[in-house]
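This is query-v8.pdb (PDB, C-alpha atoms).
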```
MODEL        1
ATOM      1  CA  GLN D 294     -11.259 -31.621 -17.146  1.00  0.00           C
ATOM      2  CA  VAL D 295      -8.523 -33.736 -18.685  1.00  0.00           C
ATOM      3  CA  GLN D 296      -5.108 -33.576 -17.073  1.00  0.00           C
ATOM      4  CA  VAL D 297      -1.865 -34.963 -18.418  1.00  0.00           C
ATOM      5  CA  VAL D 298       0.928 -35.232 -15.877  1.00  0.00           C
ATOM      6  CA  GLU D 299       4.500 -36.296 -16.537  1.00  0.00           C
ATOM      7  CA  SER D 300       7.087 -37.430 -13.999  1.00  0.00           C
ATOM      8  CA  GLY D 301      10.477 -39.071 -13.843  1.00  0.00           C
ATOM      9  CA  GLY D 302      12.814 -36.523 -15.369  1.00  0.00           C
ATOM     10  CA  GLY D 303      16.131 -35.660 -13.835  1.00  0.00           C
ATOM     11  CA  LEU D 304      19.885 -35.418 -14.175  1.00  0.00           C
ATOM     12  CA  VAL D 305      21.821 -38.439 -15.407  1.00  0.00           C
ATOM     13  CA  GLN D 306      25.285 -39.195 -16.682  1.00  0.00           C
ATOM     14  CA  ALA D 307      25.739 -40.188 -20.317  1.00  0.00           C
ATOM     15  CA  GLY D 308      25.172 -43.905 -20.740  1.00  0.00           C
ATOM     16  CA  GLY D 309      22.665 -43.989 -17.919  1.00  0.00           C
ATOM     17  CA  SER D 310      18.924 -44.583 -17.873  1.00  0.00           C
ATOM     18  CA  LEU D 311      15.752 -42.819 -16.884  1.00  0.00           C
ATOM     19  CA  ARG D 312      12.112 -43.810 -16.939  1.00  0.00           C
ATOM     20  CA  LEU D 313       9.443 -41.232 -17.612  1.00  0.00           C
ATOM     21  CA  SER D 314       5.796 -41.708 -16.726  1.00  0.00           C
ATOM     22  CA  CYS D 315       2.720 -39.914 -18.027  1.00  0.00           C
ATOM     23  CA  ALA D 316      -0.818 -40.261 -16.742  1.00  0.00           C
ATOM     24  CA  ALA D 317      -3.929 -38.869 -18.424  1.00  0.00           C
ATOM     25  CA  SER D 318      -7.033 -38.476 -16.302  1.00  0.00           C
ATOM     26  CA  GLY D 319     -10.397 -36.738 -16.234  1.00  0.00           C
ATOM     27  CA  SER D 320     -12.216 -38.472 -19.086  1.00  0.00           C
ATOM     28  CA  ASN D 321     -13.667 -41.928 -19.709  1.00  0.00           C
ATOM     29  CA  ARG D 322     -13.421 -41.509 -23.462  1.00  0.00           C
ATOM     30  CA  PRO D 323     -10.857 -43.678 -25.229  1.00  0.00           C
ATOM     31  CA  ILE D 324      -7.413 -42.335 -25.998  1.00  0.00           C
ATOM     32  CA  ARG D 325      -6.304 -42.993 -29.547  1.00  0.00           C
ATOM     33  CA  THR D 326      -2.636 -42.246 -29.184  1.00  0.00           C
ATOM     34  CA  MET D 327      -0.219 -41.230 -26.493  1.00  0.00           C
ATOM     35  CA  ALA D 328       3.164 -39.875 -27.381  1.00  0.00           C
ATOM     36  CA  TRP D 329       6.326 -38.338 -26.020  1.00  0.00           C
ATOM     37  CA  TYR D 330       7.824 -35.248 -27.580  1.00  0.00           C
ATOM     38  CA  ARG D 331      10.881 -33.272 -26.582  1.00  0.00           C
ATOM     39  CA  GLN D 332      12.115 -29.753 -27.048  1.00  0.00           C
ATOM     40  CA  ALA D 333      15.707 -28.667 -26.582  1.00  0.00           C
ATOM     41  CA  PRO D 334      16.607 -24.969 -26.155  1.00  0.00           C
ATOM     42  CA  GLY D 335      16.326 -23.135 -29.457  1.00  0.00           C
ATOM     43  CA  MET D 336      14.914 -26.181 -31.205  1.00  0.00           C
ATOM     44  CA  GLN D 337      11.479 -27.191 -32.393  1.00  0.00           C
ATOM     45  CA  ARG D 338       9.475 -29.729 -30.495  1.00  0.00           C
ATOM     46  CA  GLU D 339       9.980 -33.173 -32.002  1.00  0.00           C
ATOM     47  CA  LEU D 340       8.305 -36.537 -31.719  1.00  0.00           C
ATOM     48  CA  VAL D 341      10.296 -39.037 -29.685  1.00  0.00           C
ATOM     49  CA  ALA D 342       7.942 -42.025 -29.470  1.00  0.00           C
ATOM     50  CA  GLY D 343       4.262 -42.794 -29.777  1.00  0.00           C
ATOM     51  CA  ILE D 344       1.944 -45.657 -29.010  1.00  0.00           C
ATOM     52  CA  ILE D 345      -1.331 -46.220 -30.853  1.00  0.00           C
ATOM     53  CA  GLY D 346      -4.144 -48.163 -29.266  1.00  0.00           C
ATOM     54  CA  GLY D 347      -1.790 -49.271 -26.550  1.00  0.00           C
ATOM     55  CA  ARG D 348       0.092 -51.558 -28.915  1.00  0.00           C
ATOM     56  CA  VAL D 349       1.552 -50.094 -32.096  1.00  0.00           C
ATOM     57  CA  THR D 350       4.694 -48.106 -31.439  1.00  0.00           C
ATOM     58  CA  LYS D 351       6.683 -45.585 -33.395  1.00  0.00           C
ATOM     59  CA  TYR D 352      10.089 -44.056 -32.664  1.00  0.00           C
ATOM     60  CA  ALA D 353      12.247 -41.259 -33.919  1.00  0.00           C
ATOM     61  CA  ASP D 354      15.362 -42.562 -35.666  1.00  0.00           C
ATOM     62  CA  SER D 355      17.549 -40.868 -33.066  1.00  0.00           C
ATOM     63  CA  VAL D 356      16.142 -42.964 -30.211  1.00  0.00           C
ATOM     64  CA  GLU D 357      15.329 -46.246 -31.976  1.00  0.00           C
ATOM     65  CA  GLY D 358      16.886 -49.127 -30.059  1.00  0.00           C
ATOM     66  CA  ARG D 359      17.567 -47.025 -26.968  1.00  0.00           C
ATOM     67  CA  PHE D 360      14.098 -45.872 -25.894  1.00  0.00           C
ATOM     68  CA  THR D 361      11.013 -48.002 -25.312  1.00  0.00           C
ATOM     69  CA  ILE D 362       7.466 -46.726 -24.998  1.00  0.00           C
ATOM     70  CA  SER D 363       4.806 -48.794 -23.268  1.00  0.00           C
ATOM     71  CA  SER D 364       1.394 -48.294 -21.717  1.00  0.00           C
ATOM     72  CA  ASN D 365      -0.861 -49.775 -19.108  1.00  0.00           C
ATOM     73  CA  LYS D 366      -3.903 -51.896 -20.006  1.00  0.00           C
ATOM     74  CA  ALA D 367      -6.285 -48.968 -19.729  1.00  0.00           C
ATOM     75  CA  GLY D 368      -4.185 -47.010 -22.187  1.00  0.00           C
ATOM     76  CA  ASN D 369      -4.168 -43.870 -20.073  1.00  0.00           C
ATOM     77  CA  THR D 370      -0.667 -44.165 -18.686  1.00  0.00           C
ATOM     78  CA  VAL D 371       2.475 -44.395 -20.765  1.00  0.00           C
ATOM     79  CA  TYR D 372       6.084 -44.926 -19.895  1.00  0.00           C
ATOM     80  CA  LEU D 373       9.260 -44.059 -21.696  1.00  0.00           C
ATOM     81  CA  GLN D 374      12.240 -46.170 -20.751  1.00  0.00           C
ATOM     82  CA  MET D 375      15.343 -44.336 -21.881  1.00  0.00           C
ATOM     83  CA  ASN D 376      18.618 -46.251 -21.958  1.00  0.00           C
ATOM     84  CA  SER D 377      22.096 -45.367 -23.185  1.00  0.00           C
ATOM     85  CA  LEU D 378      21.308 -41.704 -22.780  1.00  0.00           C
ATOM     86  CA  LYS D 379      23.387 -39.134 -24.623  1.00  0.00           C
ATOM     87  CA  PRO D 380      23.953 -35.435 -23.967  1.00  0.00           C
ATOM     88  CA  GLU D 381      21.920 -34.686 -27.095  1.00  0.00           C
ATOM     89  CA  ASP D 382      18.897 -36.266 -25.409  1.00  0.00           C
ATOM     90  CA  THR D 383      18.836 -33.274 -23.065  1.00  0.00           C
ATOM     91  CA  ALA D 384      15.469 -31.544 -23.431  1.00  0.00           C
ATOM     92  CA  VAL D 385      12.117 -30.931 -21.845  1.00  0.00           C
ATOM     93  CA  TYR D 386      10.021 -34.016 -22.501  1.00  0.00           C
ATOM     94  CA  TYR D 387       6.310 -33.543 -23.056  1.00  0.00           C
ATOM     95  CA  CYS D 388       3.524 -36.084 -23.076  1.00  0.00           C
ATOM     96  CA  LYS D 389       0.540 -35.779 -25.386  1.00  0.00           C
ATOM     97  CA  ALA D 390      -2.751 -37.641 -25.060  1.00  0.00           C
ATOM     98  CA  ASP D 391      -4.762 -37.712 -28.280  1.00  0.00           C
ATOM     99  CA  TYR D 392      -8.443 -38.294 -27.593  1.00  0.00           C
ATOM    100  CA  THR D 393     -11.041 -38.597 -30.334  1.00  0.00           C
ATOM    101  CA  TRP D 394     -12.137 -34.980 -29.963  1.00  0.00           C
ATOM    102  CA  ARG D 395      -8.893 -33.151 -29.114  1.00  0.00           C
ATOM    103  CA  GLU D 396      -5.383 -33.548 -27.804  1.00  0.00           C
ATOM    104  CA  PHE D 397      -4.000 -32.592 -24.410  1.00  0.00           C
ATOM    105  CA  TRP D 398      -0.428 -31.821 -23.412  1.00  0.00           C
ATOM    106  CA  GLY D 399       1.386 -32.120 -20.130  1.00  0.00           C
ATOM    107  CA  GLN D 400       3.583 -29.429 -18.615  1.00  0.00           C
ATOM    108  CA  GLY D 401       6.811 -31.249 -19.415  1.00  0.00           C
ATOM    109  CA  THR D 402       9.628 -32.775 -17.414  1.00  0.00           C
ATOM    110  CA  GLN D 403      13.297 -31.848 -17.751  1.00  0.00           C
ATOM    111  CA  VAL D 404      15.838 -34.467 -18.734  1.00  0.00           C
ATOM    112  CA  THR D 405      19.486 -33.441 -18.532  1.00  0.00           C
ATOM    113  CA  VAL D 406      22.276 -35.772 -19.635  1.00  0.00           C
ATOM    114  CA  PHE D 407      25.841 -34.762 -18.779  1.00  0.00           C
ATOM    115  CA  SER D 408      29.060 -36.244 -20.116  1.00  0.00           C
TER     116      SER D 408
ENDMDL
END
```
Step by step, read the file and then write its structure as structure tokens.
Amino acid sequence: QVQVVESGGGLVQAGGSLRLSCAASGSNRPIRTMAWYRQAPGMQRELVAGIIGGRVTKYADSVEGRFTISSNKAGNTVYLQMNSLKPEDTAVYYCKADYTWREFWGQGTQVTVFS
């Protein structure tokens, strides 16, 4: 049974930083992609950042230059370093692990940025 667990959310003042972590466990099969999404109240879930094969990264325009995604060597844990946070970054952040046969989502972690 694959589990995806996020941690690291919280309350931070605008301009501050947070680091999110996400660990996928329960399978020895390779993970193709891990990604962070976010969903603000009343909004659709959107891609924030993704990492393919543990190396190739992709970012939403809104976070480019402020957020950094990285992973461990095994490729089953990813981090999202979020700097220069803005109130509009407030959302529930979800981690997705994309295996070769299906994708798995975490439960989400709340990030709240106040001005």
Interatomic distance (Å, one decimal) between atom CA of Gln296 of chain D and atom CA of Gln400 of chain D: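 These atoms are spaced 9.8 Å apart.
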Exercise: segment 368-384 of chain D partners within 6 Å, only C-alpha atoms, chain neighbours under 3 positions left out, as a list in words: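 Final neighbour list, sorted by chain and number: Ala307, Gly308, Gly309, Ser310, Leu311, Arg312, Leu313, Ser314, Cys315, Ala316, Ala317, Arg331, Gln332, Ala333, Gly347, Arg359, Phe360, Thr361, Ile362, Ser363, Ser364, Asn365, Val404, Thr405, Val406 and Phe407 of chain D.
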Interatomic distance, atom CA of Val297 of chain D to atom CA of Glu339 of chain D (Å, one decimal): 18.1 Å
Atom CA of Gly343 of chain D to atom CA of Gln294 of chain D, distance in Å rounded to a single decimal: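 We find that atom CA of Gly343 of chain D and atom CA of Gln294 of chain D lie 22.9 Å from each other.
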Residues matched by the PyMOL selection byres ((chain D and resi 325) around 10), written as a list in words: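 Taken over the shown coordinates, the PyMOL selection byres ((chain D and resi 325) around 10) returns Arg322, Pro323, Ile324, Thr326, Met327, Ile344, Ile345, Gly346, Gly347, Gly368, Asn369, Ala390, Asp391, Tyr392, Thr393, Trp394 and Glu396 of chain D.
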Spatial neighbours of Ala328 of chain D, max dist 6 Å, all atoms listed in the file, sep filter under 2 positions, as a PyMOL selection string: chain D and resi 342-343+388-389
D:Ser320, D:Trp329, D:Pro334, D:Tyr386 ranked by distance to Gly302 of chain D, top pick (using all atoms listed in the file):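 Closest candidate: D:Tyr386.
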Report as lines of an AutoDock Vina configuration file the centre and the edge lengths, in Å to one decimal, of the axis-aligned box holding every listed atom of segment 397-403 of chain D, padded by 4 Å on each side.
```
center_x = 4.6
center_y = -31.1
center_z = -20.9
size_x = 25.3
size_y = 11.3
size_z = 15.0
```
Shortest interatomic distance to Asp354 of chain D - which of D:Val385, D:Leu340, D:Lys366, D:Gln306, counting only C-alpha atoms: D:Leu340
Counting all atoms listed in the file, the option among D:Tyr387, D:Val298, D:Gly319, D:Thr402 closest to Val341 of chain D: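 Looking only at the distances to Val341 of chain D, the closest residue turns out to be D:Tyr387.
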Counting only C-alpha atoms, the residue of D:Lys351, D:Ala367, D:Gly401, D:Gly358 that sits nearest Glu299 of chain D: D:Gly401
